>>> print(open('work.pdb').read())   # PDB, C-alpha atoms, pLDDT in the B column
MODEL        1
ATOM      1  CA  ASN N   1      44.907  31.818   9.263  1.00 62.00           C
ATOM      2  CA  ALA N   2      47.052  34.155   7.130  1.00 77.00           C
ATOM      3  CA  GLY N   3      45.227  33.654   3.799  1.00 91.00           C
ATOM      4  CA  VAL N   4      47.242  35.068   0.898  1.00 94.00           C
ATOM      5  CA  THR N   5      50.531  36.746   1.779  1.00 95.00           C
ATOM      6  CA  GLN N   6      52.513  38.921  -0.636  1.00 96.00           C
ATOM      7  CA  THR N   7      55.987  40.318  -0.225  1.00 96.00           C
ATOM      8  CA  PRO N   8      57.306  42.934  -0.545  1.00 96.00           C
ATOM      9  CA  LYS N   9      54.598  45.560  -0.018  1.00 95.00           C
ATOM     10  CA  PHE N  10      56.532  48.265  -1.833  1.00 95.00           C
ATOM     11  CA  ARG N  11      59.473  48.262  -4.227  1.00 96.00           C
ATOM     12  CA  ILE N  12      61.262  50.711  -6.482  1.00 97.00           C
ATOM     13  CA  LEU N  13      63.166  49.229  -9.411  1.00 97.00           C
ATOM     14  CA  LYS N  14      65.414  50.788 -11.981  1.00 97.00           C
ATOM     15  CA  ILE N  15      64.751  50.128 -15.661  1.00 97.00           C
ATOM     16  CA  GLY N  16      66.301  46.807 -16.674  1.00 97.00           C
ATOM     17  CA  GLN N  17      66.506  45.376 -13.173  1.00 97.00           C
ATOM     18  CA  SER N  18      64.809  42.143 -12.266  1.00 96.00           C
ATOM     19  CA  MET N  19      62.848  41.048  -9.227  1.00 96.00           C
ATOM     20  CA  THR N  20      60.496  38.400  -7.924  1.00 97.00           C
ATOM     21  CA  LEU N  21      57.211  39.147  -6.234  1.00 98.00           C
ATOM     22  CA  GLN N  22      56.441  36.472  -3.702  1.00 98.00           C
ATOM     23  CA  CYS N  23      53.012  35.014  -3.022  1.00 97.00           C
ATOM     24  CA  THR N  24      52.036  32.233  -0.668  1.00 97.00           C
ATOM     25  CA  GLN N  25      48.661  30.929   0.484  1.00 96.00           C
ATOM     26  CA  ASP N  26      47.770  28.617   3.343  1.00 95.00           C
ATOM     27  CA  MET N  27      44.244  27.635   2.271  1.00 92.00           C
ATOM     28  CA  ASN N  28      45.288  24.675   0.106  1.00 91.00           C
ATOM     29  CA  HIS N  29      43.711  26.243  -2.970  1.00 91.00           C
ATOM     30  CA  ASN N  30      44.670  24.770  -6.307  1.00 91.00           C
ATOM     31  CA  TYR N  31      43.920  27.915  -8.293  1.00 93.00           C
ATOM     32  CA  MET N  32      46.210  30.924  -8.004  1.00 95.00           C
ATOM     33  CA  TYR N  33      46.431  34.158  -9.961  1.00 95.00           C
ATOM     34  CA  TRP N  34      48.461  37.281 -10.522  1.00 96.00           C
ATOM     35  CA  TYR N  35      46.688  40.512 -11.418  1.00 95.00           C
ATOM     36  CA  ARG N  36      47.914  44.024 -11.981  1.00 96.00           C
ATOM     37  CA  GLN N  37      45.860  47.054 -11.098  1.00 94.00           C
ATOM     38  CA  ASP N  38      46.321  50.367 -12.846  1.00 93.00           C
ATOM     39  CA  PRO N  39      44.352  53.521 -11.944  1.00 85.00           C
ATOM     40  CA  GLY N  40      40.897  53.557 -13.506  1.00 82.00           C
ATOM     41  CA  MET N  41      41.484  50.227 -15.261  1.00 84.00           C
ATOM     42  CA  GLY N  42      40.342  47.598 -12.815  1.00 86.00           C
ATOM     43  CA  LEU N  43      42.397  44.424 -12.529  1.00 91.00           C
ATOM     44  CA  LYS N  44      44.009  42.618 -15.433  1.00 93.00           C
ATOM     45  CA  LEU N  45      45.016  38.957 -15.248  1.00 93.00           C
ATOM     46  CA  ILE N  46      48.725  38.346 -15.865  1.00 96.00           C
ATOM     47  CA  TYR N  47      49.142  34.603 -15.222  1.00 95.00           C
ATOM     48  CA  TYR N  48      47.252  31.874 -13.484  1.00 94.00           C
ATOM     49  CA  SER N  49      47.838  28.351 -12.255  1.00 94.00           C
ATOM     50  CA  VAL N  50      45.480  25.434 -11.726  1.00 91.00           C
ATOM     51  CA  GLY N  51      47.909  23.487  -9.604  1.00 92.00           C
ATOM     52  CA  ALA N  52      51.537  22.727  -8.886  1.00 94.00           C
ATOM     53  CA  GLY N  53      53.517  22.498 -12.116  1.00 94.00           C
ATOM     54  CA  ILE N  54      50.786  24.037 -14.293  1.00 94.00           C
ATOM     55  CA  THR N  55      50.660  27.680 -15.338  1.00 95.00           C
ATOM     56  CA  ASP N  56      49.029  29.611 -18.146  1.00 94.00           C
ATOM     57  CA  LYS N  57      48.971  33.114 -19.571  1.00 94.00           C
ATOM     58  CA  GLY N  58      46.271  35.593 -18.778  1.00 92.00           C
ATOM     59  CA  GLU N  59      45.345  38.796 -20.558  1.00 91.00           C
ATOM     60  CA  VAL N  60      48.623  40.723 -20.073  1.00 95.00           C
ATOM     61  CA  PRO N  61      51.525  38.238 -19.678  1.00 96.00           C
ATOM     62  CA  ASN N  62      54.258  40.042 -21.627  1.00 96.00           C
ATOM     63  CA  GLY N  63      57.284  40.925 -19.518  1.00 96.00           C
ATOM     64  CA  TYR N  64      56.438  38.463 -16.754  1.00 97.00           C
ATOM     65  CA  ASN N  65      57.089  34.861 -15.849  1.00 97.00           C
ATOM     66  CA  VAL N  66      55.715  32.563 -13.183  1.00 97.00           C
ATOM     67  CA  SER N  67      56.379  29.188 -11.672  1.00 96.00           C
ATOM     68  CA  ARG N  68      54.364  26.913  -9.399  1.00 97.00           C
ATOM     69  CA  SER N  69      56.511  24.301  -7.716  1.00 97.00           C
ATOM     70  CA  THR N  70      54.208  23.868  -4.709  1.00 96.00           C
ATOM     71  CA  THR N  71      50.516  24.359  -3.994  1.00 95.00           C
ATOM     72  CA  GLU N  72      51.331  27.163  -1.579  1.00 96.00           C
ATOM     73  CA  ASP N  73      53.685  29.380  -3.595  1.00 97.00           C
ATOM     74  CA  PHE N  74      53.202  31.264  -6.848  1.00 98.00           C
ATOM     75  CA  PRO N  75      56.025  33.789  -7.461  1.00 98.00           C
ATOM     76  CA  LEU N  76      55.916  36.362 -10.260  1.00 98.00           C
ATOM     77  CA  ARG N  77      59.176  37.250 -11.991  1.00 97.00           C
ATOM     78  CA  LEU N  78      60.001  40.482 -13.803  1.00 96.00           C
ATOM     79  CA  GLU N  79      63.162  39.965 -15.838  1.00 90.00           C
ATOM     80  CA  LEU N  80      63.788  43.397 -17.396  1.00 94.00           C
ATOM     81  CA  ALA N  81      61.736  45.987 -15.596  1.00 96.00           C
ATOM     82  CA  ALA N  82      60.135  48.688 -17.743  1.00 97.00           C
ATOM     83  CA  PRO N  83      58.221  51.841 -16.727  1.00 96.00           C
ATOM     84  CA  SER N  84      55.045  50.255 -18.141  1.00 96.00           C
ATOM     85  CA  GLN N  85      55.260  47.710 -15.341  1.00 97.00           C
ATOM     86  CA  THR N  86      54.718  50.357 -12.707  1.00 97.00           C
ATOM     87  CA  SER N  87      51.542  49.113 -11.067  1.00 97.00           C
ATOM     88  CA  VAL N  88      50.013  47.463  -8.048  1.00 96.00           C
ATOM     89  CA  TYR N  89      50.226  43.690  -8.215  1.00 97.00           C
ATOM     90  CA  PHE N  90      47.784  41.377  -6.518  1.00 96.00           C
ATOM     91  CA  CYS N  91      48.076  37.685  -5.957  1.00 96.00           C
ATOM     92  CA  ALA N  92      44.923  35.664  -5.366  1.00 94.00           C
ATOM     93  CA  SER N  93      43.924  32.097  -4.701  1.00 93.00           C
ATOM     94  CA  SER N  94      40.511  30.614  -5.155  1.00 89.00           C
ATOM     95  CA  ARG N  95      38.044  27.835  -5.120  1.00 77.00           C
ATOM     96  CA  ALA N  96      34.547  28.019  -6.526  1.00 67.00           C
ATOM     97  CA  GLU N  97      33.322  30.201  -3.680  1.00 66.00           C
ATOM     98  CA  GLY N  98      35.425  33.121  -4.805  1.00 76.00           C
ATOM     99  CA  ALA N  99      38.956  34.462  -4.884  1.00 85.00           C
ATOM    100  CA  PHE N 100      40.905  35.644  -1.871  1.00 89.00           C
ATOM    101  CA  PHE N 101      43.394  38.434  -2.467  1.00 92.00           C
ATOM    102  CA  GLY N 102      46.657  39.431  -0.901  1.00 93.00           C
ATOM    103  CA  GLN N 103      47.355  42.987   0.233  1.00 92.00           C
ATOM    104  CA  GLY N 104      49.228  43.881  -2.920  1.00 94.00           C
ATOM    105  CA  THR N 105      52.728  44.945  -3.969  1.00 96.00           C
ATOM    106  CA  ARG N 106      53.161  48.513  -5.165  1.00 95.00           C
ATOM    107  CA  LEU N 107      55.943  48.522  -7.752  1.00 97.00           C
ATOM    108  CA  THR N 108      57.497  51.619  -9.284  1.00 97.00           C
ATOM    109  CA  VAL N 109      59.965  51.364 -12.158  1.00 97.00           C
ATOM    110  CA  VAL N 110      62.135  54.444 -12.661  1.00 96.00           C
TER     111      VAL N 110
ATOM    112  CA  ALA F   1      34.887  37.303 -24.689  1.00 74.00           C
ATOM    113  CA  GLN F   2      33.419  38.231 -21.367  1.00 82.00           C
ATOM    114  CA  SER F   3      33.362  41.829 -20.196  1.00 91.00           C
ATOM    115  CA  VAL F   4      32.082  43.857 -17.276  1.00 94.00           C
ATOM    116  CA  THR F   5      30.877  47.446 -17.358  1.00 96.00           C
ATOM    117  CA  GLN F   6      30.521  49.634 -14.318  1.00 97.00           C
ATOM    118  CA  PRO F   7      29.033  52.796 -15.783  1.00 96.00           C
ATOM    119  CA  ASP F   8      29.647  55.017 -12.761  1.00 95.00           C
ATOM    120  CA  ILE F   9      33.251  55.961 -12.073  1.00 95.00           C
ATOM    121  CA  HIS F  10      32.342  57.962  -8.964  1.00 96.00           C
ATOM    122  CA  ILE F  11      29.211  58.008  -6.821  1.00 97.00           C
ATOM    123  CA  THR F  12      28.566  60.337  -3.887  1.00 97.00           C
ATOM    124  CA  VAL F  13      25.970  59.343  -1.295  1.00 97.00           C
ATOM    125  CA  SER F  14      24.980  60.929   1.997  1.00 97.00           C
ATOM    126  CA  GLU F  15      25.513  58.874   5.105  1.00 97.00           C
ATOM    127  CA  GLY F  16      22.330  56.994   5.929  1.00 97.00           C
ATOM    128  CA  ALA F  17      21.034  57.129   2.368  1.00 97.00           C
ATOM    129  CA  SER F  18      20.492  54.100   0.175  1.00 97.00           C
ATOM    130  CA  LEU F  19      23.019  52.973  -2.394  1.00 97.00           C
ATOM    131  CA  GLU F  20      22.907  51.196  -5.738  1.00 98.00           C
ATOM    132  CA  LEU F  21      26.023  50.467  -7.772  1.00 98.00           C
ATOM    133  CA  ARG F  22      25.457  49.292 -11.308  1.00 98.00           C
ATOM    134  CA  CYS F  23      27.139  46.397 -13.069  1.00 97.00           C
ATOM    135  CA  ASN F  24      26.450  45.019 -16.535  1.00 97.00           C
ATOM    136  CA  TYR F  25      28.198  42.002 -17.956  1.00 94.00           C
ATOM    137  CA  SER F  26      28.634  40.305 -21.280  1.00 91.00           C
ATOM    138  CA  TYR F  27      28.958  36.549 -21.129  1.00 83.00           C
ATOM    139  CA  GLY F  28      27.864  33.649 -23.274  1.00 72.00           C
ATOM    140  CA  ALA F  29      26.677  31.290 -20.579  1.00 76.00           C
ATOM    141  CA  THR F  30      25.376  31.592 -17.056  1.00 76.00           C
ATOM    142  CA  PRO F  31      28.058  33.592 -15.326  1.00 85.00           C
ATOM    143  CA  TYR F  32      29.540  33.462 -11.900  1.00 89.00           C
ATOM    144  CA  LEU F  33      29.207  37.029 -10.593  1.00 92.00           C
ATOM    145  CA  PHE F  34      31.043  38.735  -7.775  1.00 93.00           C
ATOM    146  CA  TRP F  35      31.287  42.057  -5.997  1.00 96.00           C
ATOM    147  CA  TYR F  36      34.524  43.031  -4.282  1.00 95.00           C
ATOM    148  CA  VAL F  37      35.382  46.038  -2.141  1.00 96.00           C
ATOM    149  CA  GLN F  38      38.810  47.635  -1.885  1.00 94.00           C
ATOM    150  CA  SER F  39      39.709  50.108   0.841  1.00 92.00           C
ATOM    151  CA  PRO F  40      42.648  52.448   0.187  1.00 86.00           C
ATOM    152  CA  GLY F  41      45.956  50.600   0.206  1.00 82.00           C
ATOM    153  CA  GLN F  42      44.273  47.261   0.771  1.00 85.00           C
ATOM    154  CA  GLY F  43      43.555  44.142  -1.194  1.00 87.00           C
ATOM    155  CA  LEU F  44      40.135  43.147  -2.459  1.00 91.00           C
ATOM    156  CA  GLN F  45      37.562  41.670  -0.127  1.00 92.00           C
ATOM    157  CA  LEU F  46      34.702  39.533  -1.402  1.00 91.00           C
ATOM    158  CA  LEU F  47      31.313  41.089  -0.589  1.00 95.00           C
ATOM    159  CA  LEU F  48      29.032  38.556  -2.225  1.00 94.00           C
ATOM    160  CA  LYS F  49      28.688  36.161  -5.118  1.00 91.00           C
ATOM    161  CA  TYR F  50      26.069  34.637  -7.386  1.00 92.00           C
ATOM    162  CA  PHE F  51      26.381  31.209  -8.925  1.00 87.00           C
ATOM    163  CA  SER F  52      22.809  29.976  -9.330  1.00 85.00           C
ATOM    164  CA  GLY F  53      19.475  29.788  -7.564  1.00 87.00           C
ATOM    165  CA  ASP F  54      17.884  32.752  -5.812  1.00 89.00           C
ATOM    166  CA  THR F  55      18.648  35.851  -7.839  1.00 91.00           C
ATOM    167  CA  LEU F  56      18.819  38.082  -4.755  1.00 96.00           C
ATOM    168  CA  VAL F  57      21.992  37.347  -2.826  1.00 95.00           C
ATOM    169  CA  GLN F  58      23.037  38.630   0.558  1.00 96.00           C
ATOM    170  CA  GLY F  59      26.601  39.491   1.412  1.00 95.00           C
ATOM    171  CA  ILE F  60      28.695  40.851   4.199  1.00 94.00           C
ATOM    172  CA  LYS F  61      28.421  44.342   5.684  1.00 94.00           C
ATOM    173  CA  GLY F  62      24.702  44.603   4.871  1.00 96.00           C
ATOM    174  CA  PHE F  63      25.133  44.496   1.081  1.00 97.00           C
ATOM    175  CA  GLU F  64      22.919  42.627  -1.347  1.00 97.00           C
ATOM    176  CA  ALA F  65      22.852  42.215  -5.104  1.00 98.00           C
ATOM    177  CA  GLU F  66      20.263  41.114  -7.614  1.00 96.00           C
ATOM    178  CA  PHE F  67      21.000  39.087 -10.737  1.00 94.00           C
ATOM    179  CA  LYS F  68      18.775  40.025 -13.665  1.00 94.00           C
ATOM    180  CA  ARG F  69      19.461  37.793 -16.627  1.00 91.00           C
ATOM    181  CA  SER F  70      17.199  39.754 -18.986  1.00 91.00           C
ATOM    182  CA  GLN F  71      19.185  42.922 -18.316  1.00 93.00           C
ATOM    183  CA  SER F  72      22.603  41.253 -17.949  1.00 93.00           C
ATOM    184  CA  SER F  73      22.959  43.116 -14.695  1.00 95.00           C
ATOM    185  CA  PHE F  74      24.165  42.421 -11.186  1.00 97.00           C
ATOM    186  CA  ASN F  75      23.604  45.635  -9.237  1.00 98.00           C
ATOM    187  CA  LEU F  76      24.844  46.060  -5.684  1.00 98.00           C
ATOM    188  CA  ARG F  77      22.598  47.671  -3.078  1.00 98.00           C
ATOM    189  CA  LYS F  78      22.669  48.760   0.523  1.00 98.00           C
ATOM    190  CA  PRO F  79      19.684  50.325   2.314  1.00 97.00           C
ATOM    191  CA  SER F  80      21.698  52.713   4.501  1.00 97.00           C
ATOM    192  CA  VAL F  81      25.368  53.518   3.962  1.00 97.00           C
ATOM    193  CA  HIS F  82      27.904  54.243   6.678  1.00 96.00           C
ATOM    194  CA  TRP F  83      31.009  56.422   6.392  1.00 95.00           C
ATOM    195  CA  SER F  84      33.099  53.243   6.566  1.00 95.00           C
ATOM    196  CA  ASP F  85      31.586  52.097   3.247  1.00 96.00           C
ATOM    197  CA  ALA F  86      33.679  54.662   1.371  1.00 96.00           C
ATOM    198  CA  ALA F  87      35.885  52.545  -0.905  1.00 97.00           C
ATOM    199  CA  GLU F  88      36.347  51.259  -4.435  1.00 96.00           C
ATOM    200  CA  TYR F  89      33.860  48.624  -5.552  1.00 97.00           C
ATOM    201  CA  PHE F  90      34.531  46.110  -8.294  1.00 96.00           C
ATOM    202  CA  CYS F  91      32.131  43.855 -10.115  1.00 96.00           C
ATOM    203  CA  ALA F  92      33.624  40.713 -11.655  1.00 93.00           C
ATOM    204  CA  VAL F  93      32.493  37.807 -13.802  1.00 91.00           C
ATOM    205  CA  GLY F  94      33.969  34.351 -14.185  1.00 86.00           C
ATOM    206  CA  GLU F  95      33.245  30.845 -15.315  1.00 77.00           C
ATOM    207  CA  GLY F  96      33.678  29.272 -11.902  1.00 67.00           C
ATOM    208  CA  GLY F  97      36.772  27.476 -13.050  1.00 67.00           C
ATOM    209  CA  ALA F  98      40.438  28.284 -13.071  1.00 68.00           C
ATOM    210  CA  ASP F  99      40.557  30.953 -15.750  1.00 71.00           C
ATOM    211  CA  GLY F 100      40.368  33.884 -13.363  1.00 82.00           C
ATOM    212  CA  LEU F 101      37.928  36.741 -13.200  1.00 87.00           C
ATOM    213  CA  THR F 102      37.200  39.631 -15.533  1.00 90.00           C
ATOM    214  CA  PHE F 103      36.818  42.841 -13.558  1.00 92.00           C
ATOM    215  CA  GLY F 104      35.023  46.059 -14.230  1.00 94.00           C
ATOM    216  CA  LYS F 105      36.977  49.290 -13.883  1.00 94.00           C
ATOM    217  CA  GLY F 106      35.478  49.996 -10.497  1.00 95.00           C
ATOM    218  CA  THR F 107      33.194  52.563  -8.877  1.00 97.00           C
ATOM    219  CA  HIS F 108      34.619  54.938  -6.308  1.00 96.00           C
ATOM    220  CA  LEU F 109      32.095  55.513  -3.528  1.00 97.00           C
ATOM    221  CA  ILE F 110      32.248  58.754  -1.578  1.00 97.00           C
ATOM    222  CA  ILE F 111      30.162  59.203   1.574  1.00 96.00           C
ATOM    223  CA  GLN F 112      29.059  62.692   2.516  1.00 95.00           C
ATOM    224  CA  PRO F 113      28.445  63.421   6.206  1.00 90.00           C
TER     225      PRO F 113
ENDMDL
END
>>> encode(input="work.pdb", output="structure tokens")
Amino acid sequence: NAGVTQTPKFRILKIGQSMTLQCTQDMNHNYMYWYRQDPGMGLKLIYYSVGAGITDKGEVPNGYNVSRSTTEDFPLRLELAAPSQTSVYFCASSRAEGAFFGQGTRLTVV
Amino acid sequence: AQSVTQPDIHITVSEGASLELRCNYSYGATPYLFWYVQSPGQGLQLLLKYFSGDTLVQGIKGFEAEFKRSQSSFNLRKPSVHWSDAAEYFCAVGEGGADGLTFGKGTHLIIQP
């Protein structure tokens, strides 16, 4: 049982480049989330989804986009990377019992 | 809006000593409360959760937490810490639905030999 899988684990982007962070879960959870974690700031919610075809903004959505075509996958898209997007990104899926997190993607924008 | 405060950024505890990590929340209704642990370079692992019922909840790795509505607190405790408990600990609050969790800024736990 893999749980929540994120790829890549590390990435360096140049300013203005774009990329997609991949997230897939095999627990058949309807709810999925993207968070970013900055030092000393805890986790901030970027986007979330309650099911395939349905997404909504979280606390810090600017500069990001998401899609949810299947229950399993919830990719996060950065269109024009900026230094402020340097962070560690976590994908999570959940049911009422609590959220399960992936291992994270460490992104550096230079 | 809901919020979570973890007043201690760092805590140092000797191995074998007891531990209490503080968490205070602000929420309009009965919250869903969680404690997560994050080891360096890893994702977050759920330690325990409170939804309703008994206010003292048991979790994994020997941790427990007590919900005190009158104090808006959900403090994490362990009677005897081990060196492997050194990590970042996050308290979080949610509604139990799809809106995601609000996290505190975390407490970094250091274990002294």
>>> interface_residues(input="work.pdb", of="chain N", to="chain F", cutoff="6 Å", atoms="all atoms listed in the file", output="count of residues only")
11
>>> residues_near_point(input="work.pdb", point="(53.1, 29.9, -0.2)", cutoff="12 Å", atoms="all atoms listed in the file", output="PyMOL selection string")
chain N and resi 2-7+21-30+32+52+67-75+91-93+102
>>> residues_around(input="work.pdb", residues="segment 16-22 of chain F", least_positions_apart="5", cutoff="12 Å", atoms="all atoms listed in the file", output="NGL selection string")
:F and (4-11 or 35-37 or 62-68 or 71-86 or 88-92 or 104-113)
>>> atom_distance(input="work.pdb", atom1="atom CA of Gly16 of chain N", atom2="atom CA of Ala82 of chain N")
6.5 Å
>>> resolve_selection(input="work.pdb", expression="the PyMOL selection byres ((chain N and resi 15) around 9)", output="MDAnalysis selection string")
chainID N and resid 13:14 16:18 80:83 109:110
>>> closest_residue(input="work.pdb", among="N:Val88, N:Phe100, N:Pro8, N:Ser94", to="Arg36 of chain N", atoms="only C-alpha atoms")
N:Val88
>>> resolve_selection(input="work.pdb", expression="the PyMOL selection byres ((chain F and resi 1) around 10)", output="ChimeraX atom specification")
/F:2-3,26-28,102
